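Here the structure is laid out as structure tokens; the discussion comes afterwards.
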Amino acid sequence: MSLLKLADILPVLLVLVLVLVQSLVGLVGFVLVQVQVQVLVLVQDLVGLASPVLLVLLVQQLALVLVGIFSFVLLVLLILVQGLVGLVGFVLVQEQESIIKFRAKGRIDLKHLQMRYQHVLVFIVVIVVGVNVFLLHTCTKSTPNPSPLQQEQQIIYAENHKVSVFISKRLQNSIQRLEEEVESAKVLFDTLRSEYSSANSPNVKSENSNANNQLIGQSDVKVNQRESPKQASKQKRSLVNNDQRKSQVNVDQIQVGSKNIEKRLSQQAHKQQCLLSQASRTPSDIEVWGQVEGLYDINPFRDPHGGTWTQGWNVQYDPHSWDTKPLNVFIVPHSHNDPGWVMTLDQYYRRQTSHILSIVTATLTQEPTMRFVWAEISYLSMWWKEQHASTREEFKRLVERGQLEIVTGGWVMPDEANTHYFALIDQLQEGHKWIEDNLGVRPTSGWSIDPFGHSPTMAYILKRSDFNGMVIQRIHYEVKRMLAEKKQLEFLWRQDYDEGLDTAMYTHMMPFYSYDVPHSCGPDPSVCCQFDFARLPGSKFSCPWRIPPQEINPANVATRAKLLLDQYRKKAQLYATNNIMVPLGDDFRYDNPGEMDAQMNSNKDLHVNVKFATLKEYFDAVRGEVKQDSGKLDLPTLSGDFFSYADRLDNYWTGYYTSRPFYKHLDRVLEAKLRGADILFCITKSGQLTHPLTETENELHIKLENAHQELGVFQHHDGITGTARDHVVVDYGNRMRSALVTSDRIMAMLVANLLSKSGALDDHVIPGSQRRTQDALPTEEILHIERSPRKIVVYNPKAQNRREMVSVLTDKADVWVLDPDSNTIPSQASIVWENDIPGSHVLFDQFRIWFEVEVPPLGLAVYTIQLPPDMIDIFDPPKHEFSIIDVRNFPLPSMPSEFSAETNQGSIHLEGPQFSAEFADNGMLQSLHSEAIGMTSMQIRFLAYTSRGGSDRSGAYLFMPHGDAKPIDTSSRPVFITRGPLVEEVTVSLQNVIHTVRLFKSQAPYAAALDITNRVDVRTLNNQELVMRIMSNVDSNDFFTDLNGFQLRHHKFYEKLPLNANFYPMPTQLLIQDENKRVSLNTQSSLACASLQSGWMEVILDRRLLNDDKRGLGQGVKDNKQTDLRFKLLLESRKPNSKRDGVEMLSLPQYIVQDSLNFPMEIFHITTDNLDDIISRFTPIQVNFPCDVHLVNMRSWSVTDGAVALLLHRRGLSCSFQDLPDINDCSLGGEEYSLSMSNHRGKVLADTKVSLVPFEIHAFKLQLSVSS
């Protein structure tokens, strides 16, 4: 073979040899990791289980050190071999030119050969690096799980109390060094250290509480808790037993996580960081330990029949379990009083609640051992007003003695799905303020037993209101069963964004179907019902199980006591401590269970302590048992929400997310207006008034307080949910309209005062629109433009400078608009249809004038609308234009001469400076296009679900569809296109909805979103639910909705669940995303939503149902109203190379778009001709709040001392869509309080810089002054 041919072949041979060597390296590395574990097992077998723990550990350490040394020597040799191979290849390439010249004498292309062999060298280097990376990956990933033998030995070692603490500490440093060398030994030694520590601790807990130390995993869970064989046999139904329950291994091995991280978010950062790790944490594996979503992932949802406890199992127990430590039973009497449901608040009060409160007060006064809890302050305040001073004093003494506890203390027990966090906090503040003023106490226990699903936002609000614990009830029965099996119905409920336990709220979950007596004492409702003495024969109630209660007498007291005790003991098997809480009550009831007290206390040999208790007494008992030496609670942690709720079978309570959307929208309008009035009133209290008001400060304070209370009533879980009787809904509507009118009038009065130089504006400022009745859409006021100009006031209730597009109605089409500095600004006139129904008649005396406004933070700006001047200034040409109308599938209407109309065919294109939109010829959106993303398919469709027949039908609560939604015909429907310099829009008049898509031509942030308005009217439908579906090409495999406007929550479509289970509440938005873009649908009112396929977003707009769904309401939903539902569709581009946030957050543009819906500009008309008396601009604060700091509210708290309550929310911003802003600290002077304003946390000196923590809401009490 010639030398040239050898030069050709040798590099290839070297590569092959290198690959073989590297493969051998990989094999040896893999074997080494396996050998390490086998050495451990071999040493353990040789030494024996009975040998001292110290000897076992020393031998194991020696073996591991030897293996580590061998691994290191072999690794050095392999690296030398690799270097030698690389060196040979390098020399060969360097010398190839000499070889070629010697043999070929210049007849071969030397440059070609040189390049060829250089590529070979590069190839060799790549192979070396690649195989080494593979080796490293293989070695680090090959660490096996502990064998059963190792796990058993860990238990035995932990139980060996003869091992001294001194030896354990001496071994600790050695173990840590070994962990760095051999990753596979980490789990073993970590467990040994924790077991030694617990074994030698003087406060070793019982086996019952060890269940709290278990960790959750996706597929392989390490169970740290170990029990004795005796204890395991006693509790086989609720603890892990792999030998007996192998068929359920996936379910049984998943535990609610316990994570002891105390890392706190920095309170000193001036610039927002990526607060939560972005490192490749996809939504499917984000902190799966301790997430409700993890429970859903592994639950098969097979709904097995549990016997007497239908949704559970046949609970068993060892009767000797309490021989040494008696069971503690805390009976908590209560009466659940709905502020409106089948009767109005006033009707309930007169017929039932007033009597209940009087009876409770009298009974507790006579029976010192009795206890009671009360939740609804709306009712208590009504009763209080009617009581004599002596009765009030007696009630206060009961509270002070601890006989009667105020639980939660909100104005109502609010819904947690549809409510906005503004209203949740507001109703809690209103209740706690009343309690402080009248009872002088502060609630510390939460009681939320009837809302239809539970949100972590409520847990956060109570935690930040300094509560110690809370009770929840309506949870999916399958989730309850999973937690009950693990004795984890009591847990620390934390927020998703909390990497520690700073937000964790101790939570008690009731285990059974309901909070009534039959479902409270134990798992068998037929037994518990026998002790509901309101169901005695002859009463208006009875037991559905046909075994009536018996009156207690000396002859049967022992038998009845044992029967009840059996249920108590079975219930105790579901909790980790030796304490159980037994609620005793129901809706609008209170039964005096004195007989139970007598029968239990007279049977000491039953080894049970039964007493009447408040919720606080029960919480204190549990805390005393599970509190660690550090003061922290040793309970499992859980994050996530408990939506959607099902009480049986496939009966999912997802219909109430949309029921009565008209009133859900009215609620959000009232929140915005009341907040605006609060802020303006506080500004005037700071000394900004130019002259005295027509009403005193005290009168305005009382009116605003009443408005807050009316808003609070509607937050009730049968109010905003839309699940009350028709006449009750009307009562809610009248209350909200009254509060809305109050807010508008107070704002108008304060605007007149702030903008008037002499006080002449009083009674000459009116709201820009008003509602004539509680069920009517707002009617806009018309500006009559004569020779004298008309002025409007725009109020910005946000604490940041703001630009928005607004519109007013005028009686002239040709007008000019002037800004506060008297500069002419661009404006656009559009036609107005009669009754706002496109295709009816075009009005000749009404025109809509569009223009963009800019208003300072919390400020006022005056804009002028006037006729154009007779003489046009050539240096100030007209900036007013008339819209061009394009009509499809409809004859050209007659319209004023200023406007031009045309008829076209084909697709429709709307163009804006930030994006463009493409529509089909039927007027339905097809796609969006932006420079950063390109074209994104975005098709809007309307469909309808039909309710199924049979016994389970859709109603106010339930959504029970008969298959998929069917499309609504959109062909040949009238289409109207409006074009102009500021606004372009497409309107389609469908059978049950007038659908308008609007694009604003501005560079301001609000114009980054497509505006969608649906005027919905489903009064012609029967047993159907109208849906808007958006289908895009976004490659999404999951989706997000918000929880109460406070945080985002991850969801995915579950094939194993029925369609109705995959709908969730949407208080403010729904979003989907992929690696390149995000699409969010922002809403002005809460609705039901889903993402049934990749790239889909679906919203249920309204529902008309003729049937009752058998949940107590006794009627369908047939009182539908014409409703305006407004949305913003935002398309965002993800920053290049950015990763998904560990916990998803909104971007700054999303917050801006969302705020434009929830906190819109307020418009007022000035009706006077005395224009010289008007100040053109009012700016109460000179500096914008930081862009991520939201002023939740600023409201008058006290008239006597002029105190103001200030709530600030520092929002978490996504790291993936724009650079995060610089954040300045806020300077405040006042005192920091809990969110409910009931607990003082410390004084903040004047001009103190206050650092606001991202995600957190901070509350302050201030004394405003002119300089503020």
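Labels for the structure tokens follow display order: chains A, B, ..., residues from 1 in each chain, ligands from 1.
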Please build the interface table for stretch 976-1019 of chain A against stretch 917-927 of chain A with a cut-off of 8 Å, listing for each qualifying residue the nearest atom pair and the distance in Å to one decimal; count only C-alpha atoms, order rows by chain and increasing number, and write it as a tab-separated table.
residue	atom	partner	partner_atom	distance
A:Val986	CA	A:Gly923	CA	6.5
A:Thr987	CA	A:Gly923	CA	7.0
A:Val988	CA	A:Gly923	CA	5.9
DSSP-assigned strand (DSSP E) members of stretch 751-807 of chain A, reported as a ChimeraX atom specification:
/A:765-767,769-770,779-780,782-783,790-795,802-807
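Relative to atom CA of A:Ile785, atom CA of A:Leu693 is found at 29.3 Å.
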Atom CA of A:Asp775 to atom CA of A:Ala956: how many Å, to one decimal?
18.6 Å
Just the residues within 9 Å of A:Cys543, please, counting only C-alpha atoms, with nothing from its chain fewer than 5 positions along; format it as a list in words.
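Counting only the stated atoms, we get Pro518, Ser526, Cys529, Gln530, Asp532, Arg535, Leu536, Pro548 and Pro549 of chain A.
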Store the residues picked out above in a file with N, CA, C and O atoms, as a PDB file, in the first residue's frame.
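Result written to part37.pdb:
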ATOM      1  N   PRO A 518     -76.387  15.994  58.236  1.00  0.00           N
ATOM      2  CA  PRO A 518     -76.222  14.618  57.749  1.00  0.00           C
ATOM      3  C   PRO A 518     -74.847  14.331  57.146  1.00  0.00           C
ATOM      4  O   PRO A 518     -74.448  13.170  57.075  1.00  0.00           O
ATOM      5  N   SER A 526     -76.842   8.514  56.696  1.00  0.00           N
ATOM      6  CA  SER A 526     -78.075   7.980  57.276  1.00  0.00           C
ATOM      7  C   SER A 526     -77.998   7.938  58.795  1.00  0.00           C
ATOM      8  O   SER A 526     -79.020   8.038  59.480  1.00  0.00           O
ATOM      9  N   CYS A 529     -77.843  11.880  60.047  1.00  0.00           N
ATOM     10  CA  CYS A 529     -79.153  12.534  59.942  1.00  0.00           C
ATOM     11  C   CYS A 529     -80.025  12.236  61.152  1.00  0.00           C
ATOM     12  O   CYS A 529     -80.902  13.026  61.503  1.00  0.00           O
ATOM     13  N   GLN A 530     -79.771  11.121  61.814  1.00  0.00           N
ATOM     14  CA  GLN A 530     -80.560  10.770  63.003  1.00  0.00           C
ATOM     15  C   GLN A 530     -80.266  11.694  64.180  1.00  0.00           C
ATOM     16  O   GLN A 530     -80.983  11.656  65.176  1.00  0.00           O
ATOM     17  N   ASP A 532     -79.856  15.042  63.629  1.00  0.00           N
ATOM     18  CA  ASP A 532     -80.295  16.375  63.231  1.00  0.00           C
ATOM     19  C   ASP A 532     -81.698  16.553  63.787  1.00  0.00           C
ATOM     20  O   ASP A 532     -82.686  16.148  63.184  1.00  0.00           O
ATOM     21  N   ARG A 535     -85.086  17.478  62.287  1.00  0.00           N
ATOM     22  CA  ARG A 535     -85.766  16.538  61.396  1.00  0.00           C
ATOM     23  C   ARG A 535     -86.584  15.498  62.157  1.00  0.00           C
ATOM     24  O   ARG A 535     -86.908  14.436  61.608  1.00  0.00           O
ATOM     25  N   LEU A 536     -86.892  15.765  63.422  1.00  0.00           N
ATOM     26  CA  LEU A 536     -87.736  14.848  64.182  1.00  0.00           C
ATOM     27  C   LEU A 536     -89.076  14.663  63.493  1.00  0.00           C
ATOM     28  O   LEU A 536     -89.547  15.549  62.766  1.00  0.00           O
ATOM     29  N   PRO A 548     -85.614   8.247  60.830  1.00  0.00           N
ATOM     30  CA  PRO A 548     -85.763   9.553  61.475  1.00  0.00           C
ATOM     31  C   PRO A 548     -84.963   9.645  62.764  1.00  0.00           C
ATOM     32  O   PRO A 548     -84.592   8.628  63.367  1.00  0.00           O
ATOM     33  N   PRO A 549     -84.673  10.860  63.203  1.00  0.00           N
ATOM     34  CA  PRO A 549     -84.015  11.051  64.500  1.00  0.00           C
ATOM     35  C   PRO A 549     -84.908  10.573  65.644  1.00  0.00           C
ATOM     36  O   PRO A 549     -86.130  10.461  65.503  1.00  0.00           O
TER      37      PRO A 549
END
State, in Å with one decimal place, the distance from atom CA of A:Ile720 to atom CA of A:Asn418.
6.9 Å
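Distances here use only C-alpha atoms; by that measure, the residue among A:Gln427, A:Ser894, A:Thr810, A:Thr507 closest to A:Ile865 is A:Thr810.
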To test your reading of the structure, identify every residue in stretch 672-896 of chain A that backbone DSSP assigns to alpha helix (DSSP H), and report it as a ChimeraX atom specification.
/A:672-683,697-714,726-755
Using only C-alpha atoms, determine which residues lie at most 8 Å from A:Gly1095, disregarding the query and same-chain residues fewer than 3 positions distant; provide the list as a VMD selection string.
chain A and resid 1031 to 1037 1072 1091
Can you write out the residues you just picked, keeping all heavy atoms, as a PDB file, in the first residue's frame?
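Written out: part-v4.pdb:
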ATOM      1  N   MET A1031     -60.311  30.534  16.779  1.00  0.00           N
ATOM      2  CA  MET A1031     -59.454  29.428  16.353  1.00  0.00           C
ATOM      3  C   MET A1031     -58.220  30.005  15.674  1.00  0.00           C
ATOM      4  O   MET A1031     -58.335  30.697  14.657  1.00  0.00           O
ATOM      5  CB  MET A1031     -60.214  28.501  15.403  1.00  0.00           C
ATOM      6  CG  MET A1031     -61.449  27.872  16.040  1.00  0.00           C
ATOM      7  SD  MET A1031     -62.375  26.808  14.913  1.00  0.00           S
ATOM      8  CE  MET A1031     -62.989  28.009  13.746  1.00  0.00           C
ATOM      9  N   SER A1032     -57.052  29.735  16.238  1.00  0.00           N
ATOM     10  CA  SER A1032     -55.803  30.292  15.738  1.00  0.00           C
ATOM     11  C   SER A1032     -54.835  29.169  15.393  1.00  0.00           C
ATOM     12  O   SER A1032     -55.085  27.997  15.679  1.00  0.00           O
ATOM     13  CB  SER A1032     -55.185  31.220  16.786  1.00  0.00           C
ATOM     14  OG  SER A1032     -54.619  30.462  17.842  1.00  0.00           O
ATOM     15  N   ASN A1033     -53.708  29.553  14.802  1.00  0.00           N
ATOM     16  CA  ASN A1033     -52.649  28.587  14.525  1.00  0.00           C
ATOM     17  C   ASN A1033     -51.563  28.615  15.594  1.00  0.00           C
ATOM     18  O   ASN A1033     -50.445  28.153  15.367  1.00  0.00           O
ATOM     19  CB  ASN A1033     -52.036  28.827  13.141  1.00  0.00           C
ATOM     20  CG  ASN A1033     -51.383  30.200  13.026  1.00  0.00           C
ATOM     21  OD1 ASN A1033     -51.504  31.036  13.920  1.00  0.00           O
ATOM     22  ND2 ASN A1033     -50.697  30.436  11.914  1.00  0.00           N
ATOM     23  N   VAL A1034     -51.887  29.152  16.754  1.00  0.00           N
ATOM     24  CA  VAL A1034     -50.955  29.113  17.876  1.00  0.00           C
ATOM     25  C   VAL A1034     -50.801  27.661  18.323  1.00  0.00           C
ATOM     26  O   VAL A1034     -51.791  26.970  18.575  1.00  0.00           O
ATOM     27  CB  VAL A1034     -51.458  29.987  19.042  1.00  0.00           C
ATOM     28  CG1 VAL A1034     -50.529  29.867  20.245  1.00  0.00           C
ATOM     29  CG2 VAL A1034     -51.581  31.437  18.603  1.00  0.00           C
ATOM     30  N   ASP A1035     -49.584  27.194  18.426  1.00  0.00           N
ATOM     31  CA  ASP A1035     -49.315  25.795  18.772  1.00  0.00           C
ATOM     32  C   ASP A1035     -49.318  25.647  20.291  1.00  0.00           C
ATOM     33  O   ASP A1035     -48.285  25.480  20.933  1.00  0.00           O
ATOM     34  CB  ASP A1035     -47.975  25.372  18.176  1.00  0.00           C
ATOM     35  CG  ASP A1035     -47.702  23.887  18.384  1.00  0.00           C
ATOM     36  OD1 ASP A1035     -48.667  23.151  18.676  1.00  0.00           O
ATOM     37  OD2 ASP A1035     -46.543  23.477  18.258  1.00  0.00           O
ATOM     38  N   SER A1036     -50.494  25.713  20.869  1.00  0.00           N
ATOM     39  CA  SER A1036     -50.633  25.660  22.326  1.00  0.00           C
ATOM     40  C   SER A1036     -51.087  24.276  22.758  1.00  0.00           C
ATOM     41  O   SER A1036     -51.993  23.695  22.168  1.00  0.00           O
ATOM     42  CB  SER A1036     -51.648  26.707  22.804  1.00  0.00           C
ATOM     43  OG  SER A1036     -52.919  26.447  22.241  1.00  0.00           O
ATOM     44  N   ASN A1037     -50.471  23.755  23.782  1.00  0.00           N
ATOM     45  CA  ASN A1037     -50.942  22.508  24.371  1.00  0.00           C
ATOM     46  C   ASN A1037     -51.495  22.725  25.770  1.00  0.00           C
ATOM     47  O   ASN A1037     -51.744  21.770  26.498  1.00  0.00           O
ATOM     48  CB  ASN A1037     -49.814  21.466  24.417  1.00  0.00           C
ATOM     49  CG  ASN A1037     -48.579  21.985  25.145  1.00  0.00           C
ATOM     50  OD1 ASN A1037     -48.640  23.015  25.821  1.00  0.00           O
ATOM     51  ND2 ASN A1037     -47.476  21.291  25.010  1.00  0.00           N
ATOM     52  N   ILE A1072     -53.470  31.889  25.429  1.00  0.00           N
ATOM     53  CA  ILE A1072     -52.749  30.740  24.911  1.00  0.00           C
ATOM     54  C   ILE A1072     -51.425  31.240  24.348  1.00  0.00           C
ATOM     55  O   ILE A1072     -51.285  32.433  24.045  1.00  0.00           O
ATOM     56  CB  ILE A1072     -53.545  29.990  23.826  1.00  0.00           C
ATOM     57  CG1 ILE A1072     -53.906  30.948  22.681  1.00  0.00           C
ATOM     58  CG2 ILE A1072     -54.792  29.344  24.404  1.00  0.00           C
ATOM     59  CD1 ILE A1072     -54.604  30.284  21.511  1.00  0.00           C
ATOM     60  N   SER A1091     -60.328  26.024  26.394  1.00  0.00           N
ATOM     61  CA  SER A1091     -59.508  25.832  25.204  1.00  0.00           C
ATOM     62  C   SER A1091     -59.585  24.347  24.888  1.00  0.00           C
ATOM     63  O   SER A1091     -58.861  23.536  25.465  1.00  0.00           O
ATOM     64  CB  SER A1091     -58.059  26.271  25.452  1.00  0.00           C
ATOM     65  OG  SER A1091     -57.275  26.074  24.299  1.00  0.00           O
TER      66      SER A1091
END
Any idea what's packed within 12 Å of A:Ala362, counting only C-alpha atoms, ignoring anything in its chain fewer than 5 positions away? Could you give it as a PyMOL selection string?
chain A and resi 355-357+367-368+370+372+390-392+394-395+398+404+592
What's the 8 Å shell around A:Glu854, counting only C-alpha atoms, without same-chain residues fewer than 3 positions away, as an MDAnalysis selection string?
chainID A and resid 801:804 861
Please produce a file of those selected residues containing all heavy atoms, as a PDB file, in the first residue's frame.
ATOM      1  N   ASN A 801     -50.089  58.353  33.860  1.00  0.00           N
ATOM      2  CA  ASN A 801     -50.551  59.132  32.718  1.00  0.00           C
ATOM      3  C   ASN A 801     -51.098  58.183  31.659  1.00  0.00           C
ATOM      4  O   ASN A 801     -50.562  57.106  31.433  1.00  0.00           O
ATOM      5  CB  ASN A 801     -49.400  59.954  32.153  1.00  0.00           C
ATOM      6  CG  ASN A 801     -49.864  60.966  31.136  1.00  0.00           C
ATOM      7  OD1 ASN A 801     -50.454  61.980  31.483  1.00  0.00           O
ATOM      8  ND2 ASN A 801     -49.595  60.697  29.863  1.00  0.00           N
ATOM      9  N   ARG A 802     -52.148  58.616  30.954  1.00  0.00           N
ATOM     10  CA  ARG A 802     -52.876  57.657  30.134  1.00  0.00           C
ATOM     11  C   ARG A 802     -53.387  58.292  28.853  1.00  0.00           C
ATOM     12  O   ARG A 802     -53.872  59.419  28.859  1.00  0.00           O
ATOM     13  CB  ARG A 802     -54.061  57.154  30.962  1.00  0.00           C
ATOM     14  CG  ARG A 802     -54.568  55.794  30.614  1.00  0.00           C
ATOM     15  CD  ARG A 802     -55.424  55.342  31.764  1.00  0.00           C
ATOM     16  NE  ARG A 802     -56.347  54.318  31.380  1.00  0.00           N
ATOM     17  CZ  ARG A 802     -57.435  53.980  32.053  1.00  0.00           C
ATOM     18  NH1 ARG A 802     -57.733  54.646  33.149  1.00  0.00           N
ATOM     19  NH2 ARG A 802     -58.216  53.023  31.642  1.00  0.00           N
ATOM     20  N   ARG A 803     -53.284  57.524  27.761  1.00  0.00           N
ATOM     21  CA  ARG A 803     -53.904  57.887  26.487  1.00  0.00           C
ATOM     22  C   ARG A 803     -54.945  56.835  26.145  1.00  0.00           C
ATOM     23  O   ARG A 803     -54.720  55.641  26.277  1.00  0.00           O
ATOM     24  CB  ARG A 803     -52.853  57.957  25.378  1.00  0.00           C
ATOM     25  CG  ARG A 803     -51.889  59.129  25.491  1.00  0.00           C
ATOM     26  CD  ARG A 803     -50.703  58.965  24.566  1.00  0.00           C
ATOM     27  NE  ARG A 803     -51.099  58.916  23.157  1.00  0.00           N
ATOM     28  CZ  ARG A 803     -50.262  58.593  22.170  1.00  0.00           C
ATOM     29  NH1 ARG A 803     -48.999  58.288  22.446  1.00  0.00           N
ATOM     30  NH2 ARG A 803     -50.678  58.569  20.919  1.00  0.00           N
ATOM     31  N   GLU A 804     -56.110  57.298  25.693  1.00  0.00           N
ATOM     32  CA  GLU A 804     -57.194  56.389  25.315  1.00  0.00           C
ATOM     33  C   GLU A 804     -57.992  57.030  24.184  1.00  0.00           C
ATOM     34  O   GLU A 804     -58.027  58.258  24.047  1.00  0.00           O
ATOM     35  CB  GLU A 804     -58.143  56.118  26.488  1.00  0.00           C
ATOM     36  CG  GLU A 804     -57.558  55.312  27.616  1.00  0.00           C
ATOM     37  CD  GLU A 804     -57.576  53.819  27.354  1.00  0.00           C
ATOM     38  OE1 GLU A 804     -58.128  53.408  26.302  1.00  0.00           O
ATOM     39  OE2 GLU A 804     -57.025  53.069  28.175  1.00  0.00           O
ATOM     40  N   ALA A 861     -59.057  66.253  32.639  1.00  0.00           N
ATOM     41  CA  ALA A 861     -58.703  67.047  31.457  1.00  0.00           C
ATOM     42  C   ALA A 861     -59.984  67.478  30.765  1.00  0.00           C
ATOM     43  O   ALA A 861     -60.910  66.672  30.591  1.00  0.00           O
ATOM     44  CB  ALA A 861     -57.818  66.242  30.514  1.00  0.00           C
TER      45      ALA A 861
END
If you count only C-alpha atoms, which residues fall within 10 Å of A:His454, apart from same-chain ones fewer than 5 positions away, as a list of chain:residue names?
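That gives A:Asp415, A:Glu416, A:Ala417, A:Ser448, A:Ile449, A:Ala459, A:Ile472, A:Gln473, A:Arg474, A:Ile475, A:Gly640, A:Asp641, A:Phe642, A:Phe643, A:Ser644, A:Tyr645.
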Resulting file, chosen residues, N, CA, C and O atoms, as a short mmCIF file (atom, residue, chain, number, x, y, z; two decimals), in the first residue's frame:
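The result, written out as out.cif:
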data_model
loop_
_atom_site.label_atom_id
_atom_site.label_comp_id
_atom_site.auth_asym_id
_atom_site.auth_seq_id
_atom_site.Cartn_x
_atom_site.Cartn_y
_atom_site.Cartn_z
N ASP A 415 -68.62 34.63 46.51
CA ASP A 415 -68.21 33.70 45.47
C ASP A 415 -66.72 33.88 45.21
O ASP A 415 -66.19 34.98 45.38
N GLU A 416 -66.04 32.81 44.79
CA GLU A 416 -64.60 32.90 44.58
C GLU A 416 -64.21 32.66 43.12
O GLU A 416 -63.02 32.68 42.81
N ALA A 417 -65.20 32.47 42.24
CA ALA A 417 -64.90 32.21 40.84
C ALA A 417 -65.04 33.47 39.98
O ALA A 417 -64.15 33.79 39.19
N SER A 448 -65.59 29.42 54.77
CA SER A 448 -66.09 29.53 53.39
C SER A 448 -66.66 28.18 52.99
O SER A 448 -66.02 27.39 52.30
N ILE A 449 -67.90 27.91 53.39
CA ILE A 449 -68.45 26.57 53.29
C ILE A 449 -69.42 26.38 52.13
O ILE A 449 -69.79 25.25 51.84
N ALA A 459 -57.58 32.73 49.85
CA ALA A 459 -56.63 32.33 50.89
C ALA A 459 -55.56 33.40 51.07
O ALA A 459 -55.15 33.70 52.20
N ILE A 472 -62.80 25.30 54.08
CA ILE A 472 -63.43 25.26 52.76
C ILE A 472 -64.22 23.97 52.63
O ILE A 472 -63.95 22.99 53.33
N GLN A 473 -65.18 23.93 51.71
CA GLN A 473 -66.07 22.77 51.64
C GLN A 473 -66.30 22.25 50.23
O GLN A 473 -66.07 21.09 49.94
N ARG A 474 -66.77 23.08 49.31
CA ARG A 474 -67.24 22.57 48.01
C ARG A 474 -66.04 22.34 47.07
O ARG A 474 -65.64 23.23 46.33
N ILE A 475 -65.52 21.12 47.10
CA ILE A 475 -64.39 20.68 46.29
C ILE A 475 -64.83 19.44 45.53
O ILE A 475 -65.66 18.66 46.00
N GLY A 640 -52.58 26.01 43.98
CA GLY A 640 -53.54 25.84 42.91
C GLY A 640 -54.94 26.20 43.35
O GLY A 640 -55.18 26.63 44.49
N ASP A 641 -55.89 26.01 42.44
CA ASP A 641 -57.29 26.35 42.72
C ASP A 641 -58.13 25.08 42.70
O ASP A 641 -57.69 24.03 42.23
N PHE A 642 -59.36 25.19 43.19
CA PHE A 642 -60.27 24.05 43.22
C PHE A 642 -61.45 24.30 42.29
O PHE A 642 -62.61 24.26 42.70
N PHE A 643 -61.15 24.56 41.04
CA PHE A 643 -62.14 24.66 39.99
C PHE A 643 -61.77 23.64 38.92
O PHE A 643 -60.59 23.41 38.65
N SER A 644 -62.74 22.98 38.32
CA SER A 644 -64.16 23.22 38.50
C SER A 644 -64.76 22.18 39.45
O SER A 644 -64.29 21.04 39.52
N TYR A 645 -65.81 22.57 40.13
CA TYR A 645 -66.42 21.78 41.19
C TYR A 645 -67.46 20.83 40.63
O TYR A 645 -68.26 21.20 39.76
#
Considering only C-alpha atoms, can you say which of A:Leu1026, A:Met458, A:Val815, A:Leu1092 comes closest to A:Gln991?
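Answer, going by the shortest atom-to-atom distance: A:Leu1026.
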